[in-house]
Amino acid sequence: MASFQEINSSADAKEELPEYTPSEQRVEKDIQYAAEEGFAATDSHGAPIVEFDRLAERKLRNKIDLMVVPTVSLLYLFCFIDRANIGNARLAGLEEDLGMKGNDYNVLLSIFYISYIVFEVPANLACKWLGPGWFIPATSFGFGVCSLATAFVMHMPAACGVRFLLGVFEAGMMPGISYYLSRWYRRSELVFRISLFVVMAPLAGAFGGLLASGILALSSIGSVRAWRMIFLVEGIITMGLSLIAFFTLTDRPETARWLTEEEKRLAIARVKSEMLAQRTVLDKSNRRKVWLGFWNPAVLATSVIFLFNNITVQGLAFFAPTIVASIYPSYSTIQKQLFTVPPYVVGAAFEVLIPLMSWRLDKRQIFFIPVALLTMMGYIMFLASTDTKVRYAATFFTAIACFAAGPLTNAQASAQVISDSARSMSLATNMMLGNVGGLIATWSYLTWDGPNYPIGNGLNLAASTMLLIVATGTLLWMKADNKRRDKLDVAKELEGLTQEEIESLEWKHPGWRWKP
């Protein structure tokens with residue numbers, strides 16, 4: 001198609017557009033019709049009623065990739081650095097300076113996850129209400145302030161208070177960004193785009209370790225010394241990036257100055273064409289839709305998968321420096337920091353590669369199985385050997401597998417609902433239950449369990465095994481339930497329902513099919 005132009009019904013309008021064939025005029029009319037509020041873009045079985053030009057979609061997708069993904073990726077990089085830099089600070093004397101003893105470090109980590117879990121759902125519902133273009137920069141600025149404040153805490157209670165606030169502000173970050181991207185991308189495309197910002201988690205481990213090493217090489221920054229400099233510098237960077245994001249982050253396609261009117265219609269129509277029976281992309285919050293975004297068997301199963309995966313991910317993120325220290329006890333602090341980098345780099349590569357394969361196949365559930373198996377292999381190596389080379393190699397197997405599950409679970413939670421309201425809830429549910437795993441992870445590596453940590457590694461092996469069982473069981477259930485739904489008479493099941501009632505059916509709609 002040469003270009004998208006406004007198509008009017010008059011003969012004069014058609015004479016002004018001689019480059020359009022009748023087929024192209026019909027396609028543009030369909031897109032314009034589908035993008036308008038008040039009209040559904042699917043039939044009763046969920047099939048799109050709109051024909052799209054693949055080249056035009058590719059050009060639009062590339063433009064969205066360039067204008068949307070880099071900003072949220074950079075914010076999430078420092079979000080995860082601000083969360084996980086406490087592991088680097090621990091090696092640089094945090095516990096000694098704050099007078100921490102016994103399991104105080106684990107308590108400090110747990111405080112963060114308590115607020116993180118409690119505020120997950122309210123934060124993502126606020127993201128929908130305020131709009132991601134405002135909410136994401138604001139919450140990012142908030143946790144930058146908290147990171148900065150950590151540089152000036154003088155005792156354990158103050159550190160706990162700041163970590164609690166850090167959890168409040170970071171609660172809406174990952175589900176909020178995932179929800180934001182779902183406004184721009186199709187179901188199959190979303191998993192790869194989520195991976196492009198979630199990959200910042202392992203890169204934060206690598207970059208955070210390098211940054212911490214560089215900062216610790218300084219004697220002081222003003223009156224701030226040692227581990228405090230890590231929080232000071234990284235907090236200031238996060239706050240600066242957040243202020244810039246207020247001006248650069250576009251809330252939704254309709255408000256994108258960098259899209260033409262034709263591209264805006266295409267962006268709306270192609271997302272709407274996958275929303276069964278919905279007459280608008282950004283619907284008003286609906287209690288029934290929100291409830292069914294939570295009370296959804298596929299979403300809950302995916303959230304449990306994320307819970308088990310997060311035990312292994314967060315354990316690796318917080319305790320990689322500790323693991324390396326137990327493997328190489330005679331090395332300097334900076335050397336230990338640098339040895340945490342390579343596993344994260346390799347893990348980051350696979351965190352993008354596996355979702356890329358998922359995008360091309362439009363499959364997500366099947367990829368949880370190899371992820372679980374590789375994670376199991378890593379922790380079996382930890383348990384079976386005390387050889388330093390074997391155990392260091394195990395960190396690579398664990399990083400390769402467990403980081404990839406983050407984008408997969410978020411994309412899967414998004415794919416198993418229909419409306420925008422339900423999606424804001426499904427993504428929050430996935431993160432809320434998932435971060436219960438993060439809370440468990442803070443107690444997986446206890447001081448008295450070192451230096452080999454058999455209990456911590458055993459817990460992670462059990463978690464990855466449960467991930468395998470739940471993922472396989474959910475995949476088989478999805479296929480069986482879809483076969484049951486194939487036998488339903490959709491018209492008969494919907495008989496007597498109003499349009500509003502049909503829109504609110506969500507996964508209970510007879511034309512709905514699970515998306516494995």
# chains A, B, ... in the order shown; residues from 1 in each chain; ligands from 1
>>> residues_around(residues="stretch 131-140 of chain A", least_positions_apart="2", cutoff="6 Å", atoms="only C-alpha atoms", output="list in words")
Cys127, Lys128, Trp129, Gly142, Phe143, Phe169, Tyr180, Ser242, Ala245, Phe246, Leu249, Thr250 and Asp251 of chain A
>>> residues_around(residues="A:Gln416", least_positions_apart="4", cutoff="9 Å", atoms="only C-alpha atoms", output="PyMOL selection string")
chain A and resi 293+296+298-299+411-412+423+426+507+513-516
>>> write_last_selection(atoms="all heavy atoms", output="mmCIF file, in the first residue's frame")
data_model
loop_
_atom_site.group_PDB
_atom_site.id
_atom_site.type_symbol
_atom_site.label_atom_id
_atom_site.label_comp_id
_atom_site.auth_asym_id
_atom_site.auth_seq_id
_atom_site.Cartn_x
_atom_site.Cartn_y
_atom_site.Cartn_z
ATOM 1 N N GLY A 293 -9.915 -10.388 35.468
ATOM 2 C CA GLY A 293 -8.490 -10.303 35.189
ATOM 3 C C GLY A 293 -7.671 -10.997 36.254
ATOM 4 O O GLY A 293 -6.567 -11.493 35.996
ATOM 5 N N ASN A 296 -8.837 -15.744 36.924
ATOM 6 C CA ASN A 296 -8.640 -16.318 35.599
ATOM 7 C C ASN A 296 -7.677 -17.492 35.776
ATOM 8 O O ASN A 296 -6.536 -17.292 36.222
ATOM 9 C CB ASN A 296 -8.048 -15.242 34.676
ATOM 10 C CG ASN A 296 -7.749 -15.732 33.276
ATOM 11 O OD1 ASN A 296 -7.156 -16.793 33.082
ATOM 12 N ND2 ASN A 296 -8.127 -14.936 32.289
ATOM 13 N N ALA A 298 -5.807 -19.314 33.863
ATOM 14 C CA ALA A 298 -4.515 -19.242 33.170
ATOM 15 C C ALA A 298 -3.621 -18.167 33.783
ATOM 16 O O ALA A 298 -2.407 -18.348 33.904
ATOM 17 C CB ALA A 298 -4.730 -18.966 31.677
ATOM 18 N N VAL A 299 -4.206 -17.046 34.172
ATOM 19 C CA VAL A 299 -3.439 -15.969 34.805
ATOM 20 C C VAL A 299 -2.891 -16.428 36.155
ATOM 21 O O VAL A 299 -1.721 -16.193 36.479
ATOM 22 C CB VAL A 299 -4.308 -14.705 34.972
ATOM 23 C CG1 VAL A 299 -3.601 -13.676 35.857
ATOM 24 C CG2 VAL A 299 -4.620 -14.091 33.615
ATOM 25 N N ALA A 411 4.022 -11.588 29.392
ATOM 26 C CA ALA A 411 3.330 -11.659 28.101
ATOM 27 C C ALA A 411 2.191 -12.663 28.143
ATOM 28 O O ALA A 411 1.125 -12.442 27.555
ATOM 29 C CB ALA A 411 4.322 -12.033 26.997
ATOM 30 N N GLN A 412 2.399 -13.772 28.865
ATOM 31 C CA GLN A 412 1.355 -14.790 28.956
ATOM 32 C C GLN A 412 0.176 -14.288 29.788
ATOM 33 O O GLN A 412 -0.985 -14.522 29.434
ATOM 34 C CB GLN A 412 1.937 -16.077 29.562
ATOM 35 C CG GLN A 412 0.995 -17.262 29.548
ATOM 36 C CD GLN A 412 0.719 -17.795 28.156
ATOM 37 O OE1 GLN A 412 0.605 -17.058 27.192
ATOM 38 N NE2 GLN A 412 0.595 -19.104 28.066
ATOM 39 N N ARG A 423 -6.516 -6.549 31.681
ATOM 40 C CA ARG A 423 -5.061 -6.671 31.492
ATOM 41 C C ARG A 423 -4.297 -5.937 32.585
ATOM 42 O O ARG A 423 -3.256 -6.415 33.054
ATOM 43 C CB ARG A 423 -4.687 -6.143 30.104
ATOM 44 C CG ARG A 423 -3.216 -6.343 29.732
ATOM 45 C CD ARG A 423 -2.999 -6.192 28.240
ATOM 46 N NE ARG A 423 -3.632 -7.292 27.511
ATOM 47 C CZ ARG A 423 -4.750 -7.170 26.788
ATOM 48 N NH1 ARG A 423 -5.351 -5.999 26.686
ATOM 49 N NH2 ARG A 423 -5.258 -8.211 26.183
ATOM 50 N N SER A 426 -4.505 -8.423 35.419
ATOM 51 C CA SER A 426 -3.792 -9.693 35.226
ATOM 52 C C SER A 426 -2.286 -9.511 35.379
ATOM 53 O O SER A 426 -1.609 -10.348 35.979
ATOM 54 C CB SER A 426 -4.112 -10.285 33.844
ATOM 55 O OG SER A 426 -3.536 -9.537 32.792
ATOM 56 N N TRP A 507 -12.848 -14.151 29.735
ATOM 57 C CA TRP A 507 -12.500 -15.521 29.364
ATOM 58 C C TRP A 507 -13.694 -16.476 29.425
ATOM 59 O O TRP A 507 -13.618 -17.610 28.944
ATOM 60 C CB TRP A 507 -11.376 -16.056 30.253
ATOM 61 C CG TRP A 507 -11.680 -16.078 31.727
ATOM 62 C CD1 TRP A 507 -11.478 -15.071 32.618
ATOM 63 C CD2 TRP A 507 -12.236 -17.164 32.479
ATOM 64 N NE1 TRP A 507 -11.860 -15.445 33.883
ATOM 65 C CE2 TRP A 507 -12.331 -16.731 33.829
ATOM 66 C CE3 TRP A 507 -12.646 -18.454 32.156
ATOM 67 C CZ2 TRP A 507 -12.830 -17.542 34.838
ATOM 68 C CZ3 TRP A 507 -13.145 -19.267 33.165
ATOM 69 C CH2 TRP A 507 -13.236 -18.815 34.482
ATOM 70 N N ARG A 513 -10.604 -18.455 23.242
ATOM 71 C CA ARG A 513 -9.704 -19.604 23.277
ATOM 72 C C ARG A 513 -8.427 -19.201 24.013
ATOM 73 O O ARG A 513 -7.896 -18.111 23.810
ATOM 74 C CB ARG A 513 -9.337 -20.086 21.862
ATOM 75 C CG ARG A 513 -10.511 -20.572 21.025
ATOM 76 C CD ARG A 513 -11.152 -21.812 21.608
ATOM 77 N NE ARG A 513 -12.258 -22.287 20.772
ATOM 78 C CZ ARG A 513 -13.508 -21.883 20.872
ATOM 79 N NH1 ARG A 513 -13.835 -20.956 21.776
ATOM 80 N NH2 ARG A 513 -14.441 -22.381 20.085
ATOM 81 N N TRP A 514 -7.958 -20.093 24.884
ATOM 82 C CA TRP A 514 -6.696 -19.848 25.584
ATOM 83 C C TRP A 514 -5.567 -19.779 24.581
ATOM 84 O O TRP A 514 -5.596 -20.433 23.539
ATOM 85 C CB TRP A 514 -6.432 -20.938 26.618
ATOM 86 C CG TRP A 514 -7.522 -21.072 27.630
ATOM 87 C CD1 TRP A 514 -8.406 -22.102 27.749
ATOM 88 C CD2 TRP A 514 -7.864 -20.131 28.657
ATOM 89 N NE1 TRP A 514 -9.287 -21.876 28.769
ATOM 90 C CE2 TRP A 514 -8.973 -20.669 29.351
ATOM 91 C CE3 TRP A 514 -7.360 -18.907 29.058
ATOM 92 C CZ2 TRP A 514 -9.573 -20.015 30.424
ATOM 93 C CZ3 TRP A 514 -7.952 -18.252 30.131
ATOM 94 C CH2 TRP A 514 -9.032 -18.801 30.797
ATOM 95 N N LYS A 515 -4.554 -18.975 24.903
ATOM 96 C CA LYS A 515 -3.435 -18.731 23.970
ATOM 97 C C LYS A 515 -2.141 -19.309 24.551
ATOM 98 O O LYS A 515 -1.380 -18.604 25.211
ATOM 99 C CB LYS A 515 -3.261 -17.227 23.728
ATOM 100 C CG LYS A 515 -4.545 -16.483 23.351
ATOM 101 C CD LYS A 515 -5.090 -16.946 22.023
ATOM 102 C CE LYS A 515 -6.191 -16.033 21.511
ATOM 103 N NZ LYS A 515 -7.413 -16.042 22.340
ATOM 104 N N PRO A 516 -1.889 -20.609 24.348
ATOM 105 C CA PRO A 516 -0.673 -21.208 24.930
ATOM 106 C C PRO A 516 0.608 -20.708 24.281
ATOM 107 O O PRO A 516 1.666 -20.760 24.870
ATOM 108 C CB PRO A 516 -0.853 -22.705 24.693
ATOM 109 C CG PRO A 516 -1.778 -22.792 23.527
ATOM 110 C CD PRO A 516 -2.680 -21.597 23.608
#
>>> closest_residue(among="A:Tyr179, A:Trp227, A:Tyr344, A:Phe308", to="A:Phe152", atoms="only C-alpha atoms")
A:Trp227
>>> residues_around(residues="A:Leu216", least_positions_apart="6", cutoff="8 Å", atoms="only C-alpha atoms", output="MDAnalysis selection string")
chainID A and resid 92 226:227 229:230
>>> write_last_selection(atoms="N, CA, C and O atoms", output="PDB file, in the first residue's frame")
ATOM      1  N   ALA A  92      30.584  -4.111  50.481  1.00  0.00           N
ATOM      2  CA  ALA A  92      31.405  -2.921  50.745  1.00  0.00           C
ATOM      3  C   ALA A  92      31.252  -2.401  52.164  1.00  0.00           C
ATOM      4  O   ALA A  92      31.688  -1.282  52.461  1.00  0.00           O
ATOM      5  N   ALA A 226      32.429   5.052  50.904  1.00  0.00           N
ATOM      6  CA  ALA A 226      32.207   3.597  50.812  1.00  0.00           C
ATOM      7  C   ALA A 226      30.885   3.264  50.114  1.00  0.00           C
ATOM      8  O   ALA A 226      30.543   3.858  49.096  1.00  0.00           O
ATOM      9  N   TRP A 227      30.114   2.324  50.701  1.00  0.00           N
ATOM     10  CA  TRP A 227      28.884   1.839  50.066  1.00  0.00           C
ATOM     11  C   TRP A 227      27.839   2.924  49.868  1.00  0.00           C
ATOM     12  O   TRP A 227      26.990   2.833  48.975  1.00  0.00           O
ATOM     13  N   MET A 229      28.226   5.776  48.631  1.00  0.00           N
ATOM     14  CA  MET A 229      28.413   6.420  47.326  1.00  0.00           C
ATOM     15  C   MET A 229      27.619   5.696  46.236  1.00  0.00           C
ATOM     16  O   MET A 229      27.150   6.322  45.268  1.00  0.00           O
ATOM     17  N   ILE A 230      27.454   4.372  46.363  1.00  0.00           N
ATOM     18  CA  ILE A 230      26.699   3.597  45.368  1.00  0.00           C
ATOM     19  C   ILE A 230      25.267   4.110  45.290  1.00  0.00           C
ATOM     20  O   ILE A 230      24.740   4.402  44.208  1.00  0.00           O
TER      21      ILE A 230
END
>>> residues_around(residues="stretch 401-409 of chain A", least_positions_apart="5", cutoff="7 Å", atoms="only C-alpha atoms", output="list in words")
Val191, Ile194, Ser195, Val198, Thr302, Phe306, Asn309, Thr312, Val313, Gly347, Phe350, Glu351, Ile354, Pro355, Arg364, Phe368, Val371, Leu374 and Thr375 of chain A
>>> write_last_selection(atoms="N, CA, C and O atoms", output="compact mmCIF listing (two decimals), in the first residue's frame")
# COMPACT_ATOMS: atom_id res chain seq x y z
N VAL A 191 5.78 -10.14 23.86
CA VAL A 191 6.77 -10.86 24.66
C VAL A 191 8.19 -10.39 24.36
O VAL A 191 9.01 -10.21 25.27
N ILE A 194 8.64 -6.84 25.82
CA ILE A 194 8.82 -6.92 27.27
C ILE A 194 10.24 -7.37 27.60
O ILE A 194 10.87 -6.86 28.52
N SER A 195 10.76 -8.31 26.81
CA SER A 195 12.12 -8.80 27.06
C SER A 195 13.16 -7.69 26.89
O SER A 195 14.19 -7.71 27.55
N VAL A 198 12.89 -6.00 30.28
CA VAL A 198 13.19 -6.90 31.39
C VAL A 198 14.64 -7.38 31.33
O VAL A 198 15.23 -7.71 32.37
N THR A 302 -0.09 -18.90 35.61
CA THR A 302 1.10 -18.19 35.15
C THR A 302 1.77 -17.45 36.31
O THR A 302 3.00 -17.42 36.42
N PHE A 306 5.52 -17.78 37.84
CA PHE A 306 6.40 -16.65 38.09
C PHE A 306 6.88 -16.63 39.55
O PHE A 306 8.00 -16.21 39.84
N ASN A 309 9.64 -19.11 39.70
CA ASN A 309 10.80 -18.59 38.96
C ASN A 309 11.48 -17.47 39.71
O ASN A 309 12.70 -17.36 39.72
N THR A 312 14.19 -18.26 42.19
CA THR A 312 15.52 -18.49 41.62
C THR A 312 16.14 -17.20 41.09
O THR A 312 17.33 -16.96 41.25
N VAL A 313 15.32 -16.33 40.46
CA VAL A 313 15.84 -15.08 39.88
C VAL A 313 16.33 -14.14 40.97
O VAL A 313 17.46 -13.65 40.92
N GLY A 347 23.12 -14.49 30.57
CA GLY A 347 21.70 -14.57 30.87
C GLY A 347 20.90 -13.54 30.09
O GLY A 347 19.79 -13.83 29.61
N PHE A 350 20.22 -14.65 26.43
CA PHE A 350 19.16 -15.64 26.30
C PHE A 350 17.80 -15.07 26.70
O PHE A 350 16.76 -15.57 26.24
N GLU A 351 17.80 -14.04 27.53
CA GLU A 351 16.53 -13.42 27.91
C GLU A 351 15.89 -12.72 26.71
O GLU A 351 14.67 -12.53 26.67
N ILE A 354 15.19 -16.15 23.71
CA ILE A 354 14.03 -17.02 23.92
C ILE A 354 12.72 -16.29 23.63
O ILE A 354 11.86 -16.82 22.92
N PRO A 355 12.50 -15.05 24.12
CA PRO A 355 11.29 -14.32 23.72
C PRO A 355 11.22 -14.02 22.23
O PRO A 355 10.12 -13.94 21.67
N ARG A 364 4.10 -19.27 24.08
CA ARG A 364 4.81 -18.87 25.29
C ARG A 364 4.90 -20.02 26.30
O ARG A 364 5.94 -20.24 26.90
N PHE A 368 8.40 -22.45 28.93
CA PHE A 368 8.65 -22.60 30.36
C PHE A 368 9.32 -23.93 30.69
O PHE A 368 10.03 -24.05 31.69
N VAL A 371 13.16 -23.76 30.19
CA VAL A 371 13.62 -22.81 31.21
C VAL A 371 13.76 -23.52 32.56
O VAL A 371 14.77 -23.40 33.26
N LEU A 374 16.76 -26.20 32.56
CA LEU A 374 18.10 -25.62 32.65
C LEU A 374 18.36 -25.05 34.05
O LEU A 374 19.48 -25.15 34.57
N THR A 375 17.34 -24.45 34.65
CA THR A 375 17.49 -23.93 36.01
C THR A 375 17.75 -25.08 36.99
O THR A 375 18.61 -24.98 37.88
>>> residues_around(residues="A:Asp362", least_positions_apart="3", cutoff="7 Å", atoms="only C-alpha atoms", output="VMD selection string")
chain A and resid 188 358 to 359
>>> select_by_dssp(residues="stretch 48-209 of chain A", states="alpha helix (DSSP H)", output="PyMOL selection string")
chain A and resi 54-91+94-98+104-118+120-130+132-150+156-170+173-182+187-198+200-209
>>> residues_around(residues="A:Leu468", least_positions_apart="6", cutoff="8 Å", atoms="only C-alpha atoms", output="CSV table (one decimal) with N, CA and C atoms, in the first residue's frame")
chain,number,residue,atom,x,y,z
A,368,PHE,N,8.4,-22.5,28.9
A,368,PHE,CA,8.6,-22.6,30.4
A,368,PHE,C,9.3,-23.9,30.7
A,369,ILE,N,9.1,-24.9,29.8
A,369,ILE,CA,9.6,-26.3,30.1
A,369,ILE,C,11.2,-26.3,30.0
A,372,ALA,N,12.7,-24.3,32.9
A,372,ALA,CA,12.8,-25.0,34.2
A,372,ALA,C,13.9,-26.1,34.2
A,373,LEU,N,14.0,-26.8,33.1
A,373,LEU,CA,15.0,-27.9,33.1
A,373,LEU,C,16.5,-27.3,33.2
>>> closest_atom_pairs(of="stretch 395-473 of chain A", to="stretch 324-339 of chain A", cutoff="8 Å", atoms="only C-alpha atoms", output="JSON lines")
{"residue": "A:Gly450", "atom": "CA", "partner": "A:Ser326", "partner_atom": "CA", "distance": 7.7}
{"residue": "A:Pro451", "atom": "CA", "partner": "A:Ser326", "partner_atom": "CA", "distance": 5.5}
{"residue": "A:Asn452", "atom": "CA", "partner": "A:Ser326", "partner_atom": "CA", "distance": 7.3}
>>> write_last_selection(atoms="C-alpha atoms", output="PDB file, in the first residue's frame")
ATOM      1  CA  GLY A 450      27.208 -20.968  54.144  1.00  0.00           C
ATOM      2  CA  PRO A 451      29.583 -21.396  52.553  1.00  0.00           C
ATOM      3  CA  ASN A 452      27.947 -24.099  50.366  1.00  0.00           C
TER       4      ASN A 452
END
>>> closest_residue(among="A:Asp486, A:Ser147, A:Ile400, A:Arg187", to="A:Leu232", atoms="only C-alpha atoms")
A:Ser147
>>> residues_around(residues="A:Met200", least_positions_apart="4", cutoff="10 Å", atoms="only C-alpha atoms", output="number ranges by chain")
A: 73-81, 195-196, 204-207, 344, 348, 351
>>> atom_distance(atom1="atom CA of A:Pro253", atom2="atom CA of A:Lys508")
29.0 Å
>>> closest_residue(among="A:Trp448, A:Phe141, A:Tyr453, A:Phe164", to="A:Val107", atoms="only C-alpha atoms")
A:Phe164
